[in-house]
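Worksheet: one structure, shown below.
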Amino acid sequence: MAAKLAKLGKVLLRRRALDCSGEETRFARCLSTLDLIALGVGSTLGAGVYVLAGEVAREKAGPAIVLCFLIAALSSMLAGLCYAEFGARVPKTGSAYLYSYVTVGEIWAFITGWNLILSYVIGTASVARAWSSTFDNLVEQKISGFFKASMEMKVPGKVLAEYPDLFALILVLLLTGLLAFGVSESALVNKIFTGINLVVLGFVIISGFVKGNSANWNLTVEDYYSYYNQTNSTKTLNVEEEFGVGGFAPFGLSGILSGAATCFYAFVGFDCIATTSEEAKNPMRSIPVGIVASLLICFFAYFGVSAALTLMMPYYQLNSQSPLPEAFSYVGWAPARYIVAVGSLCALSTSLLGSMFPMPRVIYAMAEDGLLFRALSRMNERTKTPLLATIVSGIVAALMAFLFDLAALVDLMSIGTLLAYSLVAICVLILRYQPGSITSSSQTEKLVELVGGEKVAVTGGDSGDEYGEEMDRPLQETFTPKLLFFPSGSTPTHTSGTIVYATTATISVFITVLCIVLANCLPSLLAAHPGVVTVCVLLSLLCAVCVVIIWRQPQSKEALTFKVPLLPWLPLFSVFVNIYLMMQLDLATWCRFAVWMAGGFAIYFFYGIWHSSEGASGSSSSRKYEPALQSKSPIYTGATDDSDVEGGSSP
């Protein structure tokens with residue numbers, strides 16, 4: 001029994017060995033750095049910039065919303081930097097799915113990929129309905145009125161929408177056709193819409209600073225009473241809830257942090273850049289630059305719009321649903337609402353394209369590895385796009401937009417995205433402390449020769465010469481407790497790599513438990529309840545010990561075009577932020593997540609585990625890190641290990 005469980009464990013945790021020197025990609029390499037920046041900005045800077053700023057300023061933060069976006073941007077940048085390093089490491093399509101596969105194993109890769117698909121499908125459908133609703137508002141609800149009168153669906157349970165949204169269905173199918181037609185055409189359309197969106201946002205920001213009044217950042221309770229008396233409202237006056245204490249941060253630090261948690265989701269979307277590795281002309285440079293630049297552009301846009309909005313109009317008068325048109329009416333520029341509407345539709349269009357673009361590429365990567373049905377990995381030879389995956393995912397998203405009420409499902413997007421962010425941060429942390437390279441051929445290789453019947457790398461240059469000083473030190477060494485805090489050298493070994501691997505898994509468990517406690521017992525912690533305080537302090541100390549152990553281990557000196565700074569602190573803080581936000585989601589969302597995962601595991605255990613390419617090729621997880629010894633003479637790497645596991649045959 002124990003042997004069978006051990007064998008199953010090896011199968012579930014088998015890792016993919018990358019071969020970056022093999023055959024050329026099946027995709028068309030046509031995307032420039034500018035294309036990737038436009039894709040990231042378009043996907044991230046959606047309609048939220050036109051709505052979210054008003055909602056958070058009105059209900060949670062007041063003028064301090066600019067600080068909310070700053071905190072949210074810094075938190076998102078942590079995840080963005082981790083994605084940027086992997087983009088420099090792994091020039092292959094698959095995003096977080098592939099990053100997990102080469103680092104923490106097949107089962108985690110499947111969970112990540114399966115949830116990314118869910119996030120993209122729900123994201124596509126919900127944005128399509130938002131586009132339809134925005135256009136409907138422009139034509140004074142004539143579209144929804146017609147469908148409600150002729151095709152109303154009254155089904156209890158709020159699962160189906162009030163009426164089938166034919167407009168959203170057609171929109172998704174049109175964009176599916178555009179994506180199937182070719183990548184360069186899709187990128188051109190995205191750049192045009194993103195450019196229009198940025199121009200409109202520039203107009204909003206400049207208008208806000210021209211027509212704004214700095215007194216709106218320092219309002220007093222007398223201002224609120226004056227506004228309340230002028231409105232002749234019959235509702236009960238609630239100063240604390242609607243006004244707070246006035247000034248720049250009327251709802252205090254708690255309001256700023258609560259607003260920052262909401263604003264964090266405004267920066268979701270940049271990860272679509274990571275799926276373009278095989279379509280970018282120079283992925284190892286373009287992807288890190290694209291991710292960091294798109295996040296910076298989005299931060300300045302969110303910061304500028306929220307500052308302009310709260311300068312134009314007192315925060316307690318903002319309309320949560322359509323703040324910008326109301327603000328322009330307040331300053332006497334009512335016709336500007338049409339400019340805002342154009343920008344909003346362009347933002348929704350690019351956001352929709354940003355949700356649809358990575359979806360078929362993740363499906364393609366999983367199907368090519370055998371974890372999903374292999375037919376989905378078929379490529380169109382003319383357009384160089386995963387045609388079947390694009391069409392199938394587009395049809396599913398279109399049907400969801402057509403029939404379902406997505407309000408209850410939107411939180412499911414958060415789980416998939418935050419889980420992907422966490423795993424990418426964990427993978428970056430693990431890989432930086434491993435010997436050798438994750439690729440079976442280092443990106444610096446210039447020649448492959450045969451020595452004794454074995455393929456080996458011949459490299460030049462000294463860019464990654466981590467073995468120069470300690471060439472004689474073996475990569476294998478016996479574990480002793482002393483190695484936890486006092487490693488034997490400055491070069492990673494298999495033992496130091498295993499220590500980091502195990503310690504990272506341990507601290508991930510501690511962080512998860514700590515986040516559960518904080519999410520459910522925060523009032524008790526603030527009230528200094530002894531039991532809760534003791535648990536939090538104990539977990540924090542254990543996390544600190546794990547951090548010190550990881551910090552003491554030697555890092556790899558492999559040359560990369562981009563590296564995450566401040567290891568191990570930065571990736572671990574990113575994991576903490578992501579898991580804490582996941583724990584904020586309600587029980588109903590986790591129940592829906594369990595149902596989705598049950599379906600995924602059924603596919604994996606009845607199909608994927610038997611048809612996995614790693615199982616079929618007999619890859620050994622022990623060959624994942626092949627030392628990329630930087631030498632100008634051929635090096636004999638020795639015979640390869642036999643397979644740890646027996647996988648199914650490839651269809």
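Residue numbering restarts at 1 in every chain; chains get A, B, ... in the order shown in the structure tokens, and ligands count up from 1 in that same order.
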Return as a tab-separated table the residues of stretch 318-432 of chain A lying at most 9 Å from stretch 556-569 of chain A, together with the closest atom-to-atom pair for each and the distance in Å to one decimal, counting only C-alpha atoms, with rows in chain order and ascending residue number.
```
residue	atom	partner	partner_atom	distance
A:Val428	CA	A:Val564	CA	8.2
A:Leu429	CA	A:Pro568	CA	6.5
A:Leu431	CA	A:Ser556	CA	8.2
A:Arg432	CA	A:Ser556	CA	5.5
```
Near A:Pro250, counting only C-alpha atoms, which residues have an atom at most 9 Å away, once you skip same-chain residues fewer than 5 positions from it, shown as a ChimeraX atom specification? /A:60-64,219,243-245,255
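Distance annotation: of A:Leu403, A:Ile287, A:Ala161, A:Ile430, the residue with the minimal separation from A:Lys92 is A:Ile287; atom set is only C-alpha atoms.
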Write out as JSON lines the residues of stretch 283-401 of chain A that have any atom within 10 Å of an atom of stretch 110-129 of chain A, one row each with the nearest atom pair and its distance in Å to one decimal, counting only C-alpha atoms, sorted by chain and then rising number.
```
{"residue": "A:Leu348", "atom": "CA", "partner": "A:Val127", "partner_atom": "CA", "distance": 6.6}
{"residue": "A:Ser349", "atom": "CA", "partner": "A:Ala128", "partner_atom": "CA", "distance": 8.4}
{"residue": "A:Thr350", "atom": "CA", "partner": "A:Val127", "partner_atom": "CA", "distance": 9.9}
{"residue": "A:Ser351", "atom": "CA", "partner": "A:Val127", "partner_atom": "CA", "distance": 7.2}
{"residue": "A:Leu352", "atom": "CA", "partner": "A:Thr124", "partner_atom": "CA", "distance": 5.6}
{"residue": "A:Leu353", "atom": "CA", "partner": "A:Thr124", "partner_atom": "CA", "distance": 8.1}
{"residue": "A:Gly354", "atom": "CA", "partner": "A:Thr124", "partner_atom": "CA", "distance": 8.5}
{"residue": "A:Ser355", "atom": "CA", "partner": "A:Thr124", "partner_atom": "CA", "distance": 5.3}
{"residue": "A:Met356", "atom": "CA", "partner": "A:Thr124", "partner_atom": "CA", "distance": 6.1}
{"residue": "A:Phe357", "atom": "CA", "partner": "A:Tyr120", "partner_atom": "CA", "distance": 9.0}
{"residue": "A:Pro358", "atom": "CA", "partner": "A:Tyr120", "partner_atom": "CA", "distance": 7.7}
{"residue": "A:Met359", "atom": "CA", "partner": "A:Tyr120", "partner_atom": "CA", "distance": 5.8}
{"residue": "A:Pro360", "atom": "CA", "partner": "A:Ile117", "partner_atom": "CA", "distance": 8.5}
{"residue": "A:Arg361", "atom": "CA", "partner": "A:Ile117", "partner_atom": "CA", "distance": 9.8}
{"residue": "A:Val362", "atom": "CA", "partner": "A:Gly113", "partner_atom": "CA", "distance": 6.6}
{"residue": "A:Ile363", "atom": "CA", "partner": "A:Ile117", "partner_atom": "CA", "distance": 7.3}
{"residue": "A:Ala365", "atom": "CA", "partner": "A:Gly113", "partner_atom": "CA", "distance": 9.0}
{"residue": "A:Met366", "atom": "CA", "partner": "A:Gly113", "partner_atom": "CA", "distance": 7.3}
{"residue": "A:Leu371", "atom": "CA", "partner": "A:Phe110", "partner_atom": "CA", "distance": 7.2}
{"residue": "A:Leu372", "atom": "CA", "partner": "A:Phe110", "partner_atom": "CA", "distance": 9.1}
{"residue": "A:Ser393", "atom": "CA", "partner": "A:Val121", "partner_atom": "CA", "distance": 7.3}
{"residue": "A:Gly394", "atom": "CA", "partner": "A:Val121", "partner_atom": "CA", "distance": 8.3}
{"residue": "A:Ile395", "atom": "CA", "partner": "A:Val121", "partner_atom": "CA", "distance": 9.9}
{"residue": "A:Val396", "atom": "CA", "partner": "A:Val121", "partner_atom": "CA", "distance": 7.4}
{"residue": "A:Ala397", "atom": "CA", "partner": "A:Val121", "partner_atom": "CA", "distance": 5.2}
{"residue": "A:Ala398", "atom": "CA", "partner": "A:Ala125", "partner_atom": "CA", "distance": 6.4}
{"residue": "A:Leu399", "atom": "CA", "partner": "A:Ala125", "partner_atom": "CA", "distance": 8.2}
{"residue": "A:Met400", "atom": "CA", "partner": "A:Ala125", "partner_atom": "CA", "distance": 5.9}
{"residue": "A:Ala401", "atom": "CA", "partner": "A:Ala125", "partner_atom": "CA", "distance": 4.4}
```
Where does DSSP see alpha helix (DSSP H) in stretch 491-612 of chain A, if you list the residues as a PyMOL selection string? chain A and resi 494-526+530-552+569-583+587-603+609-611
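Atom CA of A:Tyr224 sits 8.1 Å away from atom CA of A:Val239.
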Residues within 8 Å of stretch 303-315 of chain A, please, as a PyMOL selection string. Count only C-alpha atoms; anything in the same chain fewer than 2 positions from it doesn't count. chain A and resi 49+53-54+57-58+62-63+65-66+69-70+201+204-209+211-217+219+299-301+317-318+323-324+327-328+330-331
Using the selection just defined, write its residues with C-alpha atoms as a PDB file, in the first residue's frame.
```
ATOM      1  CA  VAL A  49     -11.352  52.781 -13.977  1.00  0.00           C
ATOM      2  CA  ALA A  53     -12.847  54.901  -8.334  1.00  0.00           C
ATOM      3  CA  GLY A  54     -16.252  56.401  -7.519  1.00  0.00           C
ATOM      4  CA  ALA A  57     -14.105  56.834  -2.795  1.00  0.00           C
ATOM      5  CA  ARG A  58     -17.812  57.083  -1.923  1.00  0.00           C
ATOM      6  CA  GLY A  62     -12.822  59.351   0.315  1.00  0.00           C
ATOM      7  CA  PRO A  63      -9.947  61.338  -1.263  1.00  0.00           C
ATOM      8  CA  ILE A  65      -8.502  56.494  -2.642  1.00  0.00           C
ATOM      9  CA  VAL A  66      -5.236  57.620  -4.244  1.00  0.00           C
ATOM     10  CA  PHE A  69      -4.505  52.531  -5.540  1.00  0.00           C
ATOM     11  CA  LEU A  70      -0.887  53.067  -4.463  1.00  0.00           C
ATOM     12  CA  LEU A 201      -8.474  58.992 -19.488  1.00  0.00           C
ATOM     13  CA  VAL A 204     -10.528  63.086 -17.646  1.00  0.00           C
ATOM     14  CA  ILE A 205      -7.352  63.641 -15.618  1.00  0.00           C
ATOM     15  CA  ILE A 206      -6.547  67.038 -17.151  1.00  0.00           C
ATOM     16  CA  SER A 207     -10.191  68.158 -16.811  1.00  0.00           C
ATOM     17  CA  GLY A 208     -10.206  67.114 -13.179  1.00  0.00           C
ATOM     18  CA  PHE A 209      -7.124  69.144 -12.331  1.00  0.00           C
ATOM     19  CA  LYS A 211     -11.926  72.162 -12.871  1.00  0.00           C
ATOM     20  CA  GLY A 212     -11.090  70.600  -9.507  1.00  0.00           C
ATOM     21  CA  ASN A 213     -11.078  72.274  -6.127  1.00  0.00           C
ATOM     22  CA  SER A 214      -8.464  71.318  -3.530  1.00  0.00           C
ATOM     23  CA  ALA A 215     -11.009  72.128  -0.806  1.00  0.00           C
ATOM     24  CA  ASN A 216     -12.724  68.826  -1.696  1.00  0.00           C
ATOM     25  CA  TRP A 217      -9.731  67.030  -0.125  1.00  0.00           C
ATOM     26  CA  LEU A 219     -14.016  68.784   3.786  1.00  0.00           C
ATOM     27  CA  PHE A 299      -1.251  52.790 -11.745  1.00  0.00           C
ATOM     28  CA  PHE A 300      -0.781  56.319 -13.101  1.00  0.00           C
ATOM     29  CA  ALA A 301      -4.147  56.100 -14.892  1.00  0.00           C
ATOM     30  CA  GLN A 317     -21.898  63.211  -3.452  1.00  0.00           C
ATOM     31  CA  LEU A 318     -20.332  60.734  -5.893  1.00  0.00           C
ATOM     32  CA  PRO A 323     -19.241  58.702 -11.098  1.00  0.00           C
ATOM     33  CA  LEU A 324     -17.525  60.428 -14.030  1.00  0.00           C
ATOM     34  CA  ALA A 327     -18.772  64.670 -11.800  1.00  0.00           C
ATOM     35  CA  PHE A 328     -18.669  66.401 -15.193  1.00  0.00           C
ATOM     36  CA  TYR A 330     -21.349  68.860 -11.294  1.00  0.00           C
ATOM     37  CA  VAL A 331     -18.646  71.119 -12.800  1.00  0.00           C
TER      38      VAL A 331
END
```
One number please: atom CA of A:Asp586 to atom CA of A:Ala407, in Å, one decimal. 13.7 Å
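Taking atom CA of A:Pro288 and atom CA of A:Asp271 as endpoints, the distance between them is 10.9 Å.
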